[in-house]
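K.L.:
Below is the file protein_3.txt, with compact mmCIF, C-alpha atoms and all ligand atoms.
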# COMPACT_ATOMS: atom_id res chain seq x y z
CA MET A 1 60.49 25.34 95.25
CA ASN A 2 58.59 26.54 92.18
CA PHE A 3 55.83 29.16 92.40
CA PRO A 4 54.37 29.46 88.89
CA GLU A 5 51.94 32.14 90.00
CA LEU A 6 54.90 34.41 90.88
CA ASP A 7 56.13 34.09 87.27
CA GLN A 8 52.68 35.17 86.13
CA ILE A 9 52.86 38.20 88.43
CA ASP A 10 56.26 39.12 86.98
CA GLU A 11 54.84 38.79 83.46
CA LEU A 12 51.88 40.97 84.39
CA ARG A 13 54.17 43.64 85.85
CA ALA A 14 56.40 43.53 82.77
CA HIS A 15 53.33 43.88 80.52
CA LEU A 16 52.16 46.93 82.50
CA ARG A 17 55.61 48.55 82.37
CA ALA A 18 55.96 47.92 78.62
CA TRP A 19 52.49 49.39 78.04
CA SER A 20 53.19 52.50 80.13
CA GLU A 21 56.50 53.07 78.33
CA ARG A 22 54.78 52.81 74.93
CA ASN A 23 51.92 55.14 75.89
CA PRO A 24 52.40 58.69 77.08
CA PRO A 25 50.02 59.65 79.89
CA PHE A 26 46.78 60.92 78.36
CA TRP A 27 47.38 64.49 79.56
CA GLN A 28 50.24 64.63 77.09
CA THR A 29 48.05 63.58 74.15
CA HIS A 30 46.13 66.87 73.97
CA GLN A 31 42.64 65.40 73.77
CA GLU A 32 40.19 68.14 74.54
CA LYS A 33 37.49 66.84 76.86
CA LEU A 34 38.25 65.10 80.14
CA GLU A 35 35.33 62.71 79.52
CA ASP A 36 36.89 61.64 76.21
CA GLN A 37 40.28 61.25 77.85
CA VAL A 38 39.07 58.98 80.63
CA THR A 39 36.85 56.96 78.29
CA SER A 40 39.73 56.31 75.95
CA LEU A 41 41.94 55.44 78.92
CA ALA A 42 39.36 52.87 80.11
CA HIS A 43 39.20 51.41 76.58
CA GLN A 44 42.99 51.13 76.46
CA LEU A 45 43.07 49.35 79.83
CA GLY A 46 40.42 46.99 78.46
CA GLU A 47 42.20 46.34 75.17
CA GLU A 48 45.41 45.50 77.04
CA ARG A 49 43.30 43.08 79.14
CA PHE A 50 44.25 44.75 82.45
CA MET A 51 40.54 45.30 83.20
CA SER A 52 40.00 41.56 82.68
CA TYR A 53 41.66 40.91 86.03
CA VAL A 54 38.59 42.33 87.83
CA VAL A 55 36.29 39.48 86.73
CA PRO A 56 36.55 35.66 86.74
CA ARG A 57 37.55 33.78 83.58
CA SER A 58 34.04 32.54 82.86
CA TYR A 59 32.91 36.16 82.35
CA GLY A 60 35.87 37.35 80.28
CA GLY A 61 38.55 37.45 82.98
CA ILE A 62 42.11 36.13 82.99
CA ARG A 63 42.10 34.05 86.19
CA GLU A 64 39.65 31.42 87.32
CA THR A 65 38.81 33.73 90.24
CA VAL A 66 39.70 37.37 90.94
CA GLN A 67 43.08 37.57 92.73
CA ALA A 68 43.82 40.43 95.14
CA ARG A 69 47.54 40.14 94.31
CA ASP A 70 46.87 40.89 90.63
CA LEU A 71 44.79 43.93 91.55
CA CYS A 72 47.56 45.23 93.86
CA VAL A 73 50.26 44.85 91.18
CA ILE A 74 48.10 46.50 88.53
CA ARG A 75 47.20 49.41 90.81
CA GLU A 76 50.83 49.85 91.86
CA GLU A 77 52.05 50.03 88.25
CA LEU A 78 49.15 52.18 87.04
CA ALA A 79 49.65 54.63 89.93
CA HIS A 80 53.26 54.99 88.79
CA PHE A 81 51.98 55.69 85.24
CA GLY A 82 49.33 58.18 86.37
CA ALA A 83 46.92 58.56 89.28
CA LEU A 84 43.90 58.70 86.99
CA ALA A 85 44.72 55.33 85.43
CA ASP A 86 44.91 53.80 88.89
CA VAL A 87 41.56 55.34 89.86
CA MET A 88 39.90 54.16 86.64
CA PHE A 89 41.07 50.63 87.30
CA GLY A 90 40.26 50.74 91.04
CA VAL A 91 36.71 51.96 90.50
CA GLN A 92 36.16 49.38 87.75
CA ALA A 93 37.09 46.71 90.29
CA LEU A 94 34.89 48.35 92.95
CA ALA A 95 31.88 48.36 90.64
CA SER A 96 32.49 44.80 89.43
CA GLN A 97 33.07 42.96 92.70
CA PRO A 98 29.52 43.19 94.09
CA ILE A 99 28.31 41.62 90.83
CA VAL A 100 31.05 38.97 90.92
CA ILE A 101 30.27 38.11 94.54
CA GLY A 102 26.50 38.38 94.64
CA GLY A 103 25.05 39.06 91.20
CA THR A 104 22.63 36.68 89.56
CA GLU A 105 23.86 34.65 86.61
CA GLU A 106 21.92 36.95 84.30
CA GLN A 107 23.53 40.06 85.82
CA LYS A 108 27.00 38.53 85.58
CA LYS A 109 26.57 37.64 81.91
CA LYS A 110 25.10 41.04 81.12
CA TYR A 111 27.57 43.32 82.91
CA LEU A 112 30.88 41.59 83.61
CA PRO A 113 32.20 40.91 80.06
CA LEU A 114 31.63 44.56 79.08
CA LEU A 115 33.38 45.78 82.24
CA ALA A 116 36.25 43.31 81.65
CA ARG A 117 36.77 44.64 78.13
CA GLY A 118 36.61 48.27 79.27
CA GLU A 119 33.71 48.81 76.85
CA ASN A 120 31.58 49.81 79.82
CA ILE A 121 32.86 51.98 82.66
CA GLY A 122 31.69 51.25 86.20
CA ALA A 123 30.86 53.50 89.15
CA PHE A 124 30.00 52.73 92.77
CA ALA A 125 27.55 55.24 94.23
CA LEU A 126 27.36 55.01 97.99
CA THR A 127 28.13 58.49 99.36
CA GLU A 128 25.32 61.02 99.81
CA PRO A 129 25.37 64.57 101.20
CA GLU A 130 24.31 63.18 104.59
CA ALA A 131 25.70 59.63 104.38
CA GLY A 132 29.32 58.56 104.00
CA SER A 133 30.91 56.34 106.62
CA ASP A 134 27.45 55.95 108.13
CA VAL A 135 25.95 53.74 105.42
CA ALA A 136 22.73 53.30 107.41
CA ALA A 137 21.97 57.00 106.84
CA ILE A 138 21.45 56.46 103.09
CA SER A 139 18.22 58.12 102.03
CA LEU A 140 18.02 56.89 98.43
CA ARG A 141 14.48 55.87 97.50
CA VAL A 142 13.59 53.07 95.12
CA ASN A 143 10.01 52.81 93.89
CA LYS A 144 8.52 50.25 91.54
CA VAL A 145 7.02 51.90 88.49
CA SER A 146 5.63 50.56 85.25
CA GLY A 147 8.47 48.98 83.32
CA GLY A 148 11.08 49.19 86.06
CA TYR A 149 12.17 51.13 89.11
CA CYS A 150 12.37 54.85 89.86
CA ILE A 151 15.45 55.72 91.90
CA THR A 152 15.36 59.10 93.68
CA GLY A 153 18.08 60.69 95.78
CA SER A 154 21.31 62.66 95.83
CA LYS A 155 24.83 61.33 95.59
CA LYS A 156 28.18 63.08 95.88
CA PHE A 157 31.85 62.27 95.31
CA ILE A 158 31.01 59.47 92.84
CA SER A 159 34.07 58.69 90.77
CA ASN A 160 33.25 58.03 87.10
CA ALA A 161 29.66 59.27 87.60
CA GLY A 162 29.77 61.34 84.42
CA VAL A 163 31.14 58.60 82.20
CA ALA A 164 29.88 55.30 83.67
CA GLN A 165 27.43 52.98 81.91
CA VAL A 166 27.12 50.67 84.94
CA THR A 167 26.44 52.24 88.34
CA LEU A 168 26.03 50.28 91.55
CA SER A 169 24.20 51.80 94.45
CA LEU A 170 22.84 50.64 97.77
CA PRO A 171 19.11 50.61 98.44
CA PRO A 172 17.76 52.25 101.60
CA PRO A 173 18.24 50.29 104.80
CA THR A 174 14.59 51.04 105.66
CA TRP A 175 13.33 48.46 103.15
CA THR A 176 11.12 45.82 104.64
CA PRO A 177 12.02 42.14 104.11
CA ARG A 178 9.04 41.93 101.72
CA GLU A 179 10.37 44.84 99.61
CA ARG A 180 13.79 43.19 99.53
CA GLU A 181 12.33 39.88 98.41
CA SER A 182 10.33 41.48 95.61
CA ALA A 183 13.30 43.40 94.18
CA PRO A 184 14.48 42.23 90.74
CA TRP A 185 17.96 41.47 92.01
CA SER A 186 19.01 39.12 94.72
CA TRP A 187 18.90 41.45 97.74
CA ARG A 188 20.27 38.97 100.20
CA ARG A 189 23.33 38.38 98.12
CA ILE A 190 24.04 41.68 96.42
CA ARG A 191 22.16 44.51 98.17
CA SER A 192 22.74 46.78 95.23
CA VAL A 193 20.82 48.47 92.50
CA LEU A 194 22.18 48.03 89.01
CA ARG A 195 21.52 50.55 86.36
C1 LIG A 201 38.43 61.61 95.49
C2 LIG A 201 37.23 60.95 96.09
C3 LIG A 201 36.58 59.98 95.37
C4 LIG A 201 35.45 59.36 95.91
N1 LIG A 201 34.81 58.41 95.18
C5 LIG A 201 33.69 57.85 95.67
C6 LIG A 201 32.95 56.91 94.91
O1 LIG A 201 33.32 56.56 93.79
N2 LIG A 201 31.82 56.39 95.45
C7 LIG A 201 31.37 56.73 96.69
O2 LIG A 201 30.34 56.21 97.09
N3 LIG A 201 32.06 57.62 97.45
C8 LIG A 201 33.19 58.18 96.97
N4 LIG A 201 33.88 59.09 97.71
C9 LIG A 201 33.37 59.45 98.99
C10 LIG A 201 34.13 58.80 100.16
O3 LIG A 201 34.08 57.41 100.10
C11 LIG A 201 33.46 59.36 101.39
O4 LIG A 201 34.16 60.55 101.61
C12 LIG A 201 33.47 58.43 102.55
O5 LIG A 201 32.40 57.52 102.38
C13 LIG A 201 33.36 59.17 103.88
O6 LIG A 201 32.16 59.84 103.91
P1 LIG A 201 32.10 61.40 104.35
O7 LIG A 201 32.96 62.19 103.46
O8 LIG A 201 30.67 61.75 104.43
O9 LIG A 201 32.80 61.47 105.74
P2 LIG A 201 32.10 61.17 107.14
O10 LIG A 201 31.42 59.86 107.08
O11 LIG A 201 31.31 62.37 107.55
O12 LIG A 201 33.35 61.07 108.08
C14 LIG A 201 34.10 62.22 108.44
C15 LIG A 201 35.20 61.82 109.40
O13 LIG A 201 34.66 61.21 110.57
C16 LIG A 201 35.22 59.91 110.76
N5 LIG A 201 34.17 59.01 111.26
C17 LIG A 201 33.00 58.74 110.66
N6 LIG A 201 32.27 57.89 111.41
C18 LIG A 201 33.03 57.61 112.49
C19 LIG A 201 32.84 56.78 113.62
N7 LIG A 201 31.71 56.07 113.82
N8 LIG A 201 33.83 56.72 114.54
C20 LIG A 201 34.97 57.44 114.39
N9 LIG A 201 35.20 58.23 113.32
C21 LIG A 201 34.25 58.33 112.40
C22 LIG A 201 35.73 59.48 109.40
O14 LIG A 201 36.80 58.55 109.51
C23 LIG A 201 36.17 60.79 108.79
O15 LIG A 201 37.49 61.10 109.20
C24 LIG A 201 35.02 59.71 97.20
C25 LIG A 201 35.69 60.67 97.93
C26 LIG A 201 36.79 61.30 97.39
C27 LIG A 201 37.50 62.33 98.21
What does this structure look like when you write it as C-alpha cells?
P.N.:
Amino acid sequence: MNFPELDQIDELRAHLRAWSERNPPFWQTHQEKLEDQVTSLAHQLGEERFMSYVVPRSYGGIRETVQARDLCVIREELAHFGALADVMFGVQALASQPIVIGGTEEQKKKYLPLLARGENIGAFALTEPEAGSDVAAISLRVNKVSGGYCITGSKKFISNAGVAQVTLSLPPPTWTPRERESAPWSWRRIRSVLR
C-alpha cells in the first residue's frame, strides 16, 4: 500500500533537520536583544516555509487544509533544535487557528498570509491575573469608540506579547447578544478580538 502523505512527512522532517544543522541556535549567534533574536527566528521559520503549515493553501499555506500531523512533526523537530523555536511556531499556530476556523474572508486575507510568511508574529492573549483555566472570569472590556474599539484590561503570561503584530483575545462573556452582533468581527464564529 502506498501512503504519499507519509513521504511528504518524511520530506518535511528532513527539511527541518537540514535547516537546524545549517543554522546554529540563535543563542549562539550573539545578537544582543532578545526581541531581535525572536523576531529574526520567526522570519527564518517563515522564509523556510515552516510557518506556512499553520494556514491553508489559499492563504499562503502548503496544504489545502491545516494538518495536525504536520504541526506535530514541526514542533517535535523544532523542540529538538531549541525550545524557543518550538514556542514561536506553536504560538503562531495558536494565534492563526481561530482566524482559519472562524475569521471572515477579509480577516483571513489580511492576517493569514503575513503570519504564514513569518512577517507578522502572532500572540494569543487569554490569561488575566484573575482568569486562567476559568475563561468565564475574563474581565477584559471592549468599548466602541470613534474610529474603532477601545480594549481595556490586564493580561499576563502572554507569549510573544512584546513582539507580536497580531494579537487575539477573547471578549468578555458578559456581552449581550446585541453587543456580539454589532461587533466588527463574526462573534458567533470567532469570538475573538483582532488587533
Ligand atoms: C510559559 C507560559 C506561557 C504562557 N503563554 C500564554 C499565552 O501565550 N497566552 C495565554 O493566554 N496564556 C498563557 N499562559 C498562561 C497559561 O495558559 C495559564 O497559566 C493557564 O491558562 C492556567 O491559568 P492559571 O495560571 O490562572 O491557573 P489556574 O486557572 O488558577 O489553575 C491553577 C490550577 O488549578 C487547576 N484547576 C483550575 N480549574 C480547575 C477545575 N475547575 N477543576 C480542577 N482543577 C482546576 C489547574 O489545572 C491548575 O493546576 C502561559 C503560561 C506559561 C507558564
K.L.:
Hey, which residues come within 7 Å of ligand LIG 201 (chain A) if we count all atoms listed in the file? Could you give them as a PDB file with C-alpha atoms, keeping the file's coordinate frame?
P.N.:
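Done, and the output landed in out_2.pdb:
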ATOM      1  CA  VAL A  91      36.710  51.960  90.500  1.00  0.00           C
ATOM      2  CA  ALA A 123      30.860  53.500  89.150  1.00  0.00           C
ATOM      3  CA  PHE A 124      30.000  52.730  92.770  1.00  0.00           C
ATOM      4  CA  ALA A 125      27.550  55.240  94.230  1.00  0.00           C
ATOM      5  CA  LEU A 126      27.360  55.010  97.990  1.00  0.00           C
ATOM      6  CA  THR A 127      28.130  58.490  99.360  1.00  0.00           C
ATOM      7  CA  PRO A 129      25.370  64.570 101.200  1.00  0.00           C
ATOM      8  CA  GLU A 130      24.310  63.180 104.590  1.00  0.00           C
ATOM      9  CA  ALA A 131      25.700  59.630 104.380  1.00  0.00           C
ATOM     10  CA  GLY A 132      29.320  58.560 104.000  1.00  0.00           C
ATOM     11  CA  SER A 133      30.910  56.340 106.620  1.00  0.00           C
ATOM     12  CA  ASP A 134      27.450  55.950 108.130  1.00  0.00           C
ATOM     13  CA  LYS A 156      28.180  63.080  95.880  1.00  0.00           C
ATOM     14  CA  PHE A 157      31.850  62.270  95.310  1.00  0.00           C
ATOM     15  CA  ILE A 158      31.010  59.470  92.840  1.00  0.00           C
ATOM     16  CA  SER A 159      34.070  58.690  90.770  1.00  0.00           C
ATOM     17  CA  ASN A 160      33.250  58.030  87.100  1.00  0.00           C
TER      18      ASN A 160
END
K.L.:
CA of Ala14 (chain A) to CA of Leu78 (chain A): how many Å, to one decimal?
P.N.:
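One can read the CA of Ala14 (chain A) to CA of Leu78 (chain A) distance as 12.1 Å.
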K.L.:
For CA of Ser52 (chain A) and CA of Glu32 (chain A), determine how far apart the two atoms are, in Å to one decimal place.
P.N.:
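These atoms are spaced 27.8 Å apart.
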K.L.:
Here's a test: counting all atoms listed in the file, identify every protein, DNA and RNA residue with an atom at most 8 Å from (31.6, 49.6, 82.5) in the file's coordinate frame, and state them as a PyMOL selection string.
P.N.:
chain A and resi 92+111+114-116+118-123+164-166
K.L.:
Point out the residue among A:Glu77, A:Glu21, A:Glu11, A:Glu35 with the least atom-to-atom distance to Ala161 (chain A), counting all atoms listed in the file.
P.N.:
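Of A:Glu77, A:Glu21, A:Glu11, A:Glu35, the one nearest Ala161 (chain A), counting all atoms listed in the file, is A:Glu35.
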K.L.:
Select, from A:Gly147, A:Pro98, A:Gly162, A:Pro171, the residue with the minimum atom-to-atom distance to Val55 (chain A), counting only C-alpha atoms.
P.N.:
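Going through A:Gly147, A:Pro98, A:Gly162, A:Pro171 one by one, the smallest distance to Val55 (chain A) is for A:Pro98.
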K.L.:
May I have the residues within 9 Å of Leu12 (chain A) as a PyMOL selection string, using all atoms listed in the file and disregarding those fewer than 3 positions away in the same chain?
P.N.:
chain A and resi 7-9+15-17+50+70+73-74
K.L.:
Within 12 Å of Ala79 (chain A), counting all atoms listed in the file, which residues show up once you throw out same-chain ones fewer than 5 positions away? Write them as a PyMOL selection string, please.
P.N.:
chain A and resi 16-17+20+25+71-74+84-90
